[in-house]
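S.K.: Got a structure for you, target05.cif, holding mmCIF, N, CA and C atoms and all ligand atoms.
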```cif
data_my_file
#
loop_
_atom_site.label_atom_id
_atom_site.label_comp_id
_atom_site.auth_asym_id
_atom_site.auth_seq_id
_atom_site.Cartn_x
_atom_site.Cartn_y
_atom_site.Cartn_z
N MET A 114 46.12 62.62 -82.75
CA MET A 114 46.03 64.02 -82.29
C MET A 114 45.37 64.89 -83.36
N ASP A 115 44.54 65.77 -82.91
CA ASP A 115 43.83 66.71 -83.76
C ASP A 115 44.75 67.92 -83.96
N VAL A 116 45.61 67.89 -84.98
CA VAL A 116 46.64 68.92 -85.08
C VAL A 116 46.26 70.04 -86.04
N ALA A 117 46.91 71.18 -85.85
CA ALA A 117 46.82 72.27 -86.82
C ALA A 117 48.12 72.23 -87.61
N MET A 118 48.01 72.25 -88.92
CA MET A 118 49.15 72.01 -89.80
C MET A 118 50.34 72.92 -89.52
N ASP A 119 50.07 74.20 -89.31
CA ASP A 119 51.18 75.12 -89.20
C ASP A 119 51.44 75.59 -87.79
N CYS A 120 51.09 74.74 -86.83
CA CYS A 120 51.23 75.16 -85.43
C CYS A 120 52.56 74.65 -84.86
N LEU A 121 53.38 75.59 -84.37
CA LEU A 121 54.68 75.26 -83.78
C LEU A 121 54.53 74.25 -82.64
N PHE A 122 53.59 74.50 -81.73
CA PHE A 122 53.49 73.63 -80.55
C PHE A 122 52.87 72.27 -80.91
N CYS A 123 52.04 72.19 -81.96
CA CYS A 123 51.59 70.86 -82.42
C CYS A 123 52.80 70.07 -82.92
N LYS A 124 53.71 70.76 -83.62
CA LYS A 124 54.91 70.08 -84.14
C LYS A 124 55.80 69.63 -82.98
N ILE A 125 55.92 70.46 -81.95
CA ILE A 125 56.70 70.06 -80.76
C ILE A 125 56.01 68.88 -80.06
N ALA A 126 54.68 68.95 -79.94
CA ALA A 126 53.93 67.87 -79.27
C ALA A 126 54.12 66.54 -79.99
N LYS A 127 54.20 66.60 -81.32
CA LYS A 127 54.36 65.36 -82.12
C LYS A 127 55.81 64.91 -82.19
N GLY A 128 56.74 65.77 -81.74
CA GLY A 128 58.16 65.43 -81.80
C GLY A 128 58.78 65.78 -83.15
N ASP A 129 58.06 66.49 -84.01
CA ASP A 129 58.62 66.89 -85.31
C ASP A 129 59.64 68.02 -85.15
N ILE A 130 59.47 68.81 -84.09
CA ILE A 130 60.45 69.84 -83.73
C ILE A 130 60.94 69.45 -82.33
N PRO A 131 62.28 69.42 -82.13
CA PRO A 131 62.80 68.97 -80.84
C PRO A 131 62.52 69.95 -79.70
N SER A 132 62.46 69.40 -78.49
CA SER A 132 62.32 70.24 -77.29
C SER A 132 63.06 69.55 -76.16
N VAL A 133 63.37 70.33 -75.13
CA VAL A 133 64.00 69.75 -73.93
C VAL A 133 62.85 69.36 -73.00
N LYS A 134 62.59 68.04 -72.95
CA LYS A 134 61.40 67.56 -72.24
C LYS A 134 61.63 67.46 -70.73
N ILE A 135 60.60 67.81 -70.00
CA ILE A 135 60.60 67.67 -68.55
C ILE A 135 59.73 66.48 -68.15
N TYR A 136 58.59 66.36 -68.81
CA TYR A 136 57.64 65.29 -68.48
C TYR A 136 56.70 65.10 -69.66
N GLU A 137 56.31 63.85 -69.91
CA GLU A 137 55.23 63.65 -70.88
C GLU A 137 54.45 62.40 -70.55
N ASP A 138 53.16 62.43 -70.86
CA ASP A 138 52.34 61.22 -70.80
C ASP A 138 51.47 61.25 -72.05
N GLU A 139 50.40 60.44 -72.07
CA GLU A 139 49.63 60.37 -73.32
C GLU A 139 48.86 61.66 -73.60
N ASN A 140 48.68 62.50 -72.57
CA ASN A 140 47.86 63.71 -72.73
C ASN A 140 48.66 65.00 -72.91
N ILE A 141 49.74 65.12 -72.16
CA ILE A 141 50.44 66.42 -72.13
C ILE A 141 51.95 66.27 -72.29
N LEU A 142 52.56 67.39 -72.68
CA LEU A 142 54.02 67.48 -72.74
C LEU A 142 54.45 68.73 -71.98
N ALA A 143 55.44 68.57 -71.09
CA ALA A 143 56.06 69.71 -70.41
C ALA A 143 57.50 69.82 -70.90
N PHE A 144 57.89 71.02 -71.34
CA PHE A 144 59.23 71.21 -71.91
C PHE A 144 59.73 72.61 -71.57
N LEU A 145 61.06 72.77 -71.64
CA LEU A 145 61.64 74.07 -71.29
C LEU A 145 61.33 75.12 -72.33
N ASP A 146 61.00 76.31 -71.86
CA ASP A 146 60.82 77.47 -72.75
C ASP A 146 62.19 77.86 -73.32
N ILE A 147 62.21 78.19 -74.60
CA ILE A 147 63.46 78.49 -75.29
C ILE A 147 64.05 79.85 -74.86
N SER A 148 63.23 80.75 -74.35
CA SER A 148 63.69 82.08 -73.90
C SER A 148 63.19 82.33 -72.49
N PRO A 149 63.85 81.71 -71.52
CA PRO A 149 63.28 81.68 -70.16
C PRO A 149 63.21 83.04 -69.46
N VAL A 150 62.08 83.22 -68.81
CA VAL A 150 61.88 84.37 -67.93
C VAL A 150 62.70 84.14 -66.65
N GLU A 151 62.70 82.90 -66.16
CA GLU A 151 63.59 82.44 -65.09
C GLU A 151 64.14 81.08 -65.54
N LYS A 152 65.32 80.73 -65.06
CA LYS A 152 65.88 79.43 -65.43
C LYS A 152 64.97 78.31 -64.89
N GLY A 153 64.61 77.39 -65.75
CA GLY A 153 63.68 76.33 -65.38
C GLY A 153 62.27 76.59 -65.90
N HIS A 154 62.06 77.76 -66.51
CA HIS A 154 60.77 78.14 -67.11
C HIS A 154 60.28 77.01 -68.02
N THR A 155 59.11 76.49 -67.69
CA THR A 155 58.58 75.30 -68.37
C THR A 155 57.22 75.62 -68.99
N LEU A 156 56.95 75.02 -70.13
CA LEU A 156 55.64 75.16 -70.79
C LEU A 156 54.92 73.82 -70.75
N VAL A 157 53.60 73.86 -70.55
CA VAL A 157 52.79 72.64 -70.58
C VAL A 157 51.79 72.77 -71.72
N ILE A 158 51.79 71.79 -72.62
CA ILE A 158 50.85 71.79 -73.76
C ILE A 158 50.12 70.46 -73.85
N SER A 159 49.00 70.50 -74.55
CA SER A 159 48.25 69.26 -74.79
C SER A 159 48.82 68.52 -75.99
N LYS A 160 48.87 67.20 -75.88
CA LYS A 160 49.25 66.37 -77.03
C LYS A 160 48.01 65.86 -77.75
N ARG A 161 46.85 66.11 -77.14
CA ARG A 161 45.61 65.49 -77.66
C ARG A 161 44.88 66.34 -78.68
N ALA A 162 44.98 67.67 -78.54
CA ALA A 162 44.17 68.51 -79.41
C ALA A 162 44.79 69.89 -79.54
N HIS A 163 44.54 70.50 -80.68
CA HIS A 163 44.95 71.89 -80.87
C HIS A 163 43.78 72.81 -80.55
N SER A 164 44.04 73.82 -79.73
CA SER A 164 43.10 74.92 -79.55
C SER A 164 43.95 76.13 -79.22
N GLU A 165 43.36 77.31 -79.40
CA GLU A 165 44.18 78.51 -79.27
C GLU A 165 44.26 79.02 -77.83
N ALA A 166 43.13 79.27 -77.23
CA ALA A 166 43.11 80.01 -75.96
C ALA A 166 42.24 79.28 -74.93
N LEU A 167 42.20 79.85 -73.74
CA LEU A 167 41.45 79.24 -72.63
C LEU A 167 40.00 78.97 -73.02
N ILE A 168 39.36 79.98 -73.63
CA ILE A 168 37.93 79.86 -73.89
C ILE A 168 37.63 79.00 -75.11
N ASP A 169 38.66 78.58 -75.85
CA ASP A 169 38.47 77.67 -76.99
C ASP A 169 38.70 76.22 -76.59
N THR A 170 39.14 75.99 -75.37
CA THR A 170 39.65 74.67 -74.99
C THR A 170 38.63 73.90 -74.16
N PRO A 171 38.33 72.65 -74.55
CA PRO A 171 37.35 71.85 -73.80
C PRO A 171 37.82 71.61 -72.35
N PRO A 172 36.85 71.53 -71.43
CA PRO A 172 37.19 71.38 -70.00
C PRO A 172 38.07 70.17 -69.70
N ASP A 173 37.89 69.06 -70.44
CA ASP A 173 38.71 67.88 -70.12
C ASP A 173 40.18 68.13 -70.47
N ILE A 174 40.41 68.88 -71.55
CA ILE A 174 41.79 69.20 -71.92
C ILE A 174 42.38 70.19 -70.91
N LEU A 175 41.56 71.16 -70.49
CA LEU A 175 42.03 72.12 -69.47
C LEU A 175 42.42 71.40 -68.18
N ALA A 176 41.61 70.40 -67.81
CA ALA A 176 41.91 69.65 -66.57
C ALA A 176 43.25 68.93 -66.71
N GLU A 177 43.51 68.37 -67.89
CA GLU A 177 44.79 67.67 -68.10
C GLU A 177 45.96 68.65 -68.06
N LEU A 178 45.77 69.83 -68.66
CA LEU A 178 46.83 70.85 -68.66
C LEU A 178 47.13 71.32 -67.24
N LEU A 179 46.07 71.54 -66.46
CA LEU A 179 46.28 72.00 -65.08
C LEU A 179 46.93 70.93 -64.21
N ALA A 180 46.54 69.67 -64.47
CA ALA A 180 47.19 68.56 -63.74
C ALA A 180 48.69 68.55 -64.08
N GLY A 181 49.01 68.83 -65.35
CA GLY A 181 50.42 68.90 -65.77
C GLY A 181 51.13 70.06 -65.10
N ALA A 182 50.46 71.21 -65.05
CA ALA A 182 51.05 72.39 -64.39
C ALA A 182 51.32 72.09 -62.91
N LYS A 183 50.38 71.40 -62.29
CA LYS A 183 50.53 71.04 -60.87
C LYS A 183 51.74 70.11 -60.68
N LYS A 184 51.86 69.15 -61.56
CA LYS A 184 52.98 68.19 -61.50
C LYS A 184 54.33 68.92 -61.61
N VAL A 185 54.40 69.84 -62.56
CA VAL A 185 55.65 70.60 -62.75
C VAL A 185 55.91 71.49 -61.53
N GLY A 186 54.87 72.13 -61.00
CA GLY A 186 55.02 72.97 -59.80
C GLY A 186 55.50 72.16 -58.61
N GLU A 187 54.94 70.96 -58.45
CA GLU A 187 55.39 70.09 -57.36
C GLU A 187 56.86 69.75 -57.52
N ALA A 188 57.26 69.46 -58.77
CA ALA A 188 58.67 69.12 -59.03
C ALA A 188 59.57 70.31 -58.68
N MET A 189 59.12 71.52 -59.00
CA MET A 189 59.92 72.71 -58.69
C MET A 189 60.10 72.85 -57.18
N MET A 190 59.04 72.62 -56.41
CA MET A 190 59.15 72.74 -54.96
C MET A 190 60.05 71.65 -54.40
N LYS A 191 59.90 70.41 -54.92
CA LYS A 191 60.76 69.31 -54.45
C LYS A 191 62.22 69.58 -54.82
N ALA A 192 62.43 70.28 -55.93
CA ALA A 192 63.80 70.57 -56.39
C ALA A 192 64.45 71.69 -55.58
N GLY A 193 63.68 72.34 -54.70
CA GLY A 193 64.28 73.34 -53.81
C GLY A 193 64.02 74.79 -54.17
N PHE A 194 63.19 75.03 -55.18
CA PHE A 194 62.80 76.41 -55.45
C PHE A 194 61.90 76.90 -54.32
N GLY A 195 61.77 78.24 -54.20
CA GLY A 195 60.96 78.79 -53.12
C GLY A 195 59.49 78.94 -53.49
N GLY A 196 59.21 79.00 -54.78
CA GLY A 196 57.83 79.15 -55.25
C GLY A 196 57.81 79.10 -56.77
N PHE A 197 56.65 79.36 -57.33
CA PHE A 197 56.55 79.37 -58.80
C PHE A 197 55.33 80.17 -59.22
N ASN A 198 55.37 80.65 -60.45
CA ASN A 198 54.24 81.38 -61.04
C ASN A 198 53.66 80.57 -62.19
N VAL A 199 52.34 80.65 -62.33
CA VAL A 199 51.66 80.03 -63.47
C VAL A 199 51.01 81.15 -64.27
N ILE A 200 51.35 81.21 -65.57
CA ILE A 200 50.83 82.27 -66.43
C ILE A 200 50.27 81.65 -67.69
N GLN A 201 49.19 82.22 -68.16
CA GLN A 201 48.57 81.69 -69.39
C GLN A 201 48.01 82.87 -70.16
N ASN A 202 48.62 83.19 -71.30
CA ASN A 202 48.25 84.36 -72.10
C ASN A 202 47.22 83.98 -73.16
N ASN A 203 46.32 84.92 -73.48
CA ASN A 203 45.26 84.64 -74.44
C ASN A 203 45.17 85.69 -75.54
N TYR A 204 45.36 85.22 -76.76
CA TYR A 204 45.26 86.03 -77.98
C TYR A 204 46.39 87.07 -78.03
N ARG A 205 46.60 87.56 -79.24
CA ARG A 205 47.72 88.48 -79.49
C ARG A 205 47.68 89.68 -78.54
N ASP A 206 46.48 90.24 -78.36
CA ASP A 206 46.38 91.42 -77.49
C ASP A 206 46.60 91.07 -76.02
N GLY A 207 46.51 89.78 -75.71
CA GLY A 207 46.80 89.32 -74.35
C GLY A 207 48.24 88.87 -74.20
N GLY A 208 49.04 89.12 -75.22
CA GLY A 208 50.46 88.78 -75.13
C GLY A 208 50.79 87.36 -75.55
N GLN A 209 49.82 86.68 -76.20
CA GLN A 209 50.06 85.30 -76.63
C GLN A 209 50.78 85.31 -77.98
N ALA A 210 52.01 84.78 -78.00
CA ALA A 210 52.80 84.76 -79.24
C ALA A 210 52.57 83.47 -80.02
N VAL A 211 52.34 82.37 -79.31
CA VAL A 211 52.13 81.06 -79.97
C VAL A 211 50.66 80.67 -79.77
N PRO A 212 49.88 80.64 -80.86
CA PRO A 212 48.43 80.42 -80.72
C PRO A 212 48.03 78.95 -80.55
N HIS A 213 48.66 78.31 -79.58
CA HIS A 213 48.30 76.94 -79.15
C HIS A 213 48.34 77.00 -77.64
N ILE A 214 47.22 76.74 -77.00
CA ILE A 214 47.15 76.98 -75.54
C ILE A 214 48.31 76.33 -74.79
N HIS A 215 48.87 77.10 -73.87
CA HIS A 215 49.97 76.59 -73.04
C HIS A 215 49.98 77.33 -71.71
N PHE A 216 50.44 76.63 -70.69
CA PHE A 216 50.65 77.24 -69.38
C PHE A 216 52.15 77.40 -69.17
N HIS A 217 52.55 78.60 -68.71
CA HIS A 217 53.93 78.84 -68.32
C HIS A 217 54.04 78.50 -66.83
N ILE A 218 55.02 77.69 -66.47
CA ILE A 218 55.31 77.41 -65.06
C ILE A 218 56.72 77.95 -64.81
N ILE A 219 56.80 78.97 -63.97
CA ILE A 219 58.05 79.71 -63.82
C ILE A 219 58.54 79.61 -62.38
N PRO A 220 59.69 78.93 -62.19
CA PRO A 220 60.18 78.76 -60.82
C PRO A 220 60.80 80.04 -60.29
N ARG A 221 60.70 80.22 -58.97
CA ARG A 221 61.29 81.39 -58.31
C ARG A 221 62.24 80.88 -57.23
N ALA A 222 63.48 81.39 -57.27
CA ALA A 222 64.49 80.95 -56.31
C ALA A 222 64.06 81.31 -54.89
N LYS A 223 64.51 80.52 -53.91
CA LYS A 223 64.23 80.81 -52.49
C LYS A 223 64.73 82.21 -52.14
N GLY A 224 63.91 82.98 -51.46
CA GLY A 224 64.34 84.31 -51.01
C GLY A 224 64.34 85.36 -52.10
N ARG A 225 63.83 85.00 -53.28
CA ARG A 225 63.80 85.94 -54.42
C ARG A 225 62.91 87.12 -54.05
N LYS A 226 63.47 88.31 -54.20
CA LYS A 226 62.69 89.52 -53.86
C LYS A 226 62.10 90.15 -55.13
N GLY A 227 61.02 90.87 -54.96
CA GLY A 227 60.44 91.62 -56.07
C GLY A 227 59.54 90.78 -56.95
N PRO A 228 58.78 91.48 -57.79
CA PRO A 228 57.83 90.78 -58.66
C PRO A 228 58.55 90.06 -59.80
N LEU A 229 57.85 89.13 -60.40
CA LEU A 229 58.37 88.41 -61.57
C LEU A 229 58.63 89.42 -62.69
N GLU A 230 59.79 89.29 -63.34
CA GLU A 230 60.07 90.14 -64.51
C GLU A 230 59.58 89.40 -65.74
N TRP A 231 58.39 89.74 -66.19
CA TRP A 231 57.76 89.02 -67.31
C TRP A 231 58.33 89.56 -68.62
N ARG A 232 59.48 89.03 -68.99
CA ARG A 232 60.14 89.47 -70.22
C ARG A 232 60.82 88.26 -70.82
N SER A 233 60.47 87.96 -72.08
CA SER A 233 61.04 86.81 -72.76
C SER A 233 62.57 86.88 -72.73
N GLY A 234 63.20 85.81 -72.27
CA GLY A 234 64.66 85.77 -72.24
C GLY A 234 65.29 86.61 -71.14
N ALA A 235 64.52 86.96 -70.11
CA ALA A 235 65.05 87.80 -69.02
C ALA A 235 66.21 87.10 -68.30
N ASN A 236 66.17 85.77 -68.23
CA ASN A 236 67.23 85.01 -67.54
C ASN A 236 67.68 83.84 -68.40
N PRO A 237 68.48 84.12 -69.42
CA PRO A 237 68.91 83.05 -70.33
C PRO A 237 69.90 82.09 -69.65
N TYR A 238 69.96 80.87 -70.17
CA TYR A 238 70.97 79.92 -69.69
C TYR A 238 72.34 80.36 -70.20
N ARG A 239 73.37 80.08 -69.39
CA ARG A 239 74.75 80.35 -69.79
C ARG A 239 75.07 79.62 -71.10
N ASP A 240 74.66 78.36 -71.15
CA ASP A 240 74.92 77.52 -72.31
C ASP A 240 73.99 76.30 -72.25
N ASP A 241 74.10 75.43 -73.22
CA ASP A 241 73.21 74.26 -73.27
C ASP A 241 73.41 73.35 -72.06
N ALA A 242 74.65 73.31 -71.56
CA ALA A 242 74.93 72.44 -70.41
C ALA A 242 74.14 72.92 -69.19
N GLU A 243 74.10 74.23 -68.97
CA GLU A 243 73.32 74.74 -67.82
C GLU A 243 71.83 74.47 -68.04
N ARG A 244 71.36 74.68 -69.25
CA ARG A 244 69.95 74.37 -69.57
C ARG A 244 69.63 72.91 -69.24
N ASP A 245 70.53 72.01 -69.65
CA ASP A 245 70.30 70.58 -69.42
C ASP A 245 70.34 70.23 -67.94
N GLU A 246 71.15 70.97 -67.15
CA GLU A 246 71.18 70.75 -65.69
C GLU A 246 69.82 71.08 -65.07
N PHE A 247 69.23 72.20 -65.49
CA PHE A 247 67.91 72.56 -64.96
C PHE A 247 66.87 71.53 -65.37
N ALA A 248 66.96 71.08 -66.62
CA ALA A 248 66.00 70.06 -67.09
C ALA A 248 66.15 68.78 -66.27
N ALA A 249 67.39 68.38 -66.02
CA ALA A 249 67.63 67.13 -65.27
C ALA A 249 67.12 67.27 -63.84
N LEU A 250 67.33 68.45 -63.23
CA LEU A 250 66.86 68.69 -61.85
C LEU A 250 65.34 68.54 -61.77
N LEU A 251 64.64 69.13 -62.74
CA LEU A 251 63.17 69.06 -62.72
C LEU A 251 62.70 67.63 -63.00
N ARG A 252 63.31 66.98 -64.00
CA ARG A 252 62.93 65.60 -64.35
C ARG A 252 63.11 64.67 -63.15
N LYS A 253 64.21 64.88 -62.41
CA LYS A 253 64.52 64.01 -61.27
C LYS A 253 63.46 64.13 -60.18
N ASN A 254 62.81 65.28 -60.12
CA ASN A 254 61.85 65.53 -59.03
C ASN A 254 60.39 65.34 -59.44
N ILE A 255 60.18 64.89 -60.67
CA ILE A 255 58.78 64.61 -61.11
C ILE A 255 58.38 63.21 -60.74
P1 LIG B 1 53.19 83.17 -75.16
O1 LIG B 1 53.74 84.53 -75.35
O2 LIG B 1 52.49 82.66 -76.41
O3 LIG B 1 52.37 83.02 -73.92
O4 LIG B 1 54.45 82.25 -74.92
C1 LIG B 1 55.09 81.54 -75.93
C2 LIG B 1 56.39 81.01 -75.36
O5 LIG B 1 56.91 80.04 -76.25
C3 LIG B 1 57.46 82.08 -75.17
O6 LIG B 1 57.83 82.16 -73.81
C4 LIG B 1 58.60 81.61 -76.08
O7 LIG B 1 59.88 81.84 -75.52
C5 LIG B 1 58.31 80.13 -76.23
N1 LIG B 1 58.76 79.57 -77.51
C6 LIG B 1 58.60 80.10 -78.75
N2 LIG B 1 59.12 79.29 -79.69
C7 LIG B 1 59.63 78.22 -79.02
C8 LIG B 1 60.30 77.03 -79.47
O8 LIG B 1 60.53 76.79 -80.66
N3 LIG B 1 60.69 76.15 -78.50
C9 LIG B 1 60.46 76.38 -77.16
N4 LIG B 1 60.88 75.46 -76.31
N5 LIG B 1 59.82 77.48 -76.73
C10 LIG B 1 59.40 78.39 -77.64
#
```
As structure tokens, what does this structure read like?
Ligand code: 5GP

M.R.:
Amino acid sequence: MDVAMDCLFCKIAKGDIPSVKIYEDENILAFLDISPVEKGHTLVISKRAHSEALIDTPPDILAELLAGAKKVGEAMMKAGFGGFNVIQNNYRDGGQAVPHIHFHIIPRAKGRKGPLEWRSGANPYRDDAERDEFAALLRKNI
């Protein structure tokens, strides 16, 4: 992997920093966001290369990331959610806190009214056990 030394998500991709994994293959890793906007909020990152934003990322890596986002979205629908949002922030002024490209896949409960509340930690898990239940539900449906 073409890593950046001080990149948090490169360290997560390599397994040097732990994460609650939803899915991984040789190209991508999907894992739970630590401060979920909705319970089940998942991030998809590349394991193959470090790049910062959409316009810095080669098309083949983007295709792998989107295939990962699709896989996670399918799992959310199979798991019984009503829908999901895909968000991808670019650069600090675009609200990107971690400068390693990632897609947010955010599940929405059936019948959920109103727009997505895009706020870090808007819907935290009660405890680690609840977090692990959401992870298991998504893993089971991938
Ligand atoms: P951004 O604002 O860059 O689009 O999103 C970065 C996301 O990474 C945020 O939603 C934040 O909660 C999540 N995040 C930051 N640090 C960690 C971490 O150490 N582990 C996990 N799983 N998520 C993280």

S.K.: Per DSSP on the backbone, filter chain A down to the residues in helix (DSSP H, G or I) and report them as an NGL selection string.

M.R.: :A and (121-127 or 167-169 or 172-191 or 205-207 or 241-253)

S.K.: As a ChimeraX atom specification, please: every protein or nucleic acid residue near ligand LIG 1 (chain B) (cut-off 7 Å, counting all atoms listed in the file).

M.R.: /A:121,131-133,144-150,200-203,208-213,215,217,233-234

S.K.: Measuring between only C-alpha atoms, which one of A:Asp169, A:Ile218, A:Met190, A:Asp138 shows the shortest distance to Tyr204 of chain A?

M.R.: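 Nearest candidate to Tyr204 of chain A out of A:Asp169, A:Ile218, A:Met190, A:Asp138: A:Asp169.
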
S.K.: When you draw a straight line from atom CA of Gly224 of chain A to atom CA of Ile135 of chain A, how long is it in Å?

M.R.: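 Computed distance, atom CA of Gly224 of chain A to atom CA of Ile135 of chain A, equals 24.5 Å.
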
S.K.: Have a look at atom N of Cys123 of chain A and atom C of Pro237 of chain A and let me know their distance in Å, one decimal.

M.R.: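 Distance reported for this atom pair: 23.8 Å.
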
S.K.: Between A:Asn236, A:Ile141, A:Lys223, A:Ile255, which has the minimum distance to Gly193 of chain A (counting all atoms listed in the file)?

M.R.: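 Comparing A:Asn236, A:Ile141, A:Lys223, A:Ile255 against Gly193 of chain A, the winner is A:Lys223.
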
S.K.: Given all atoms listed in the file as the basis, pick out the residue of A:Arg205, A:Arg252, A:Lys124, A:Arg232 nearest to Met189 of chain A.

M.R.: A:Arg252
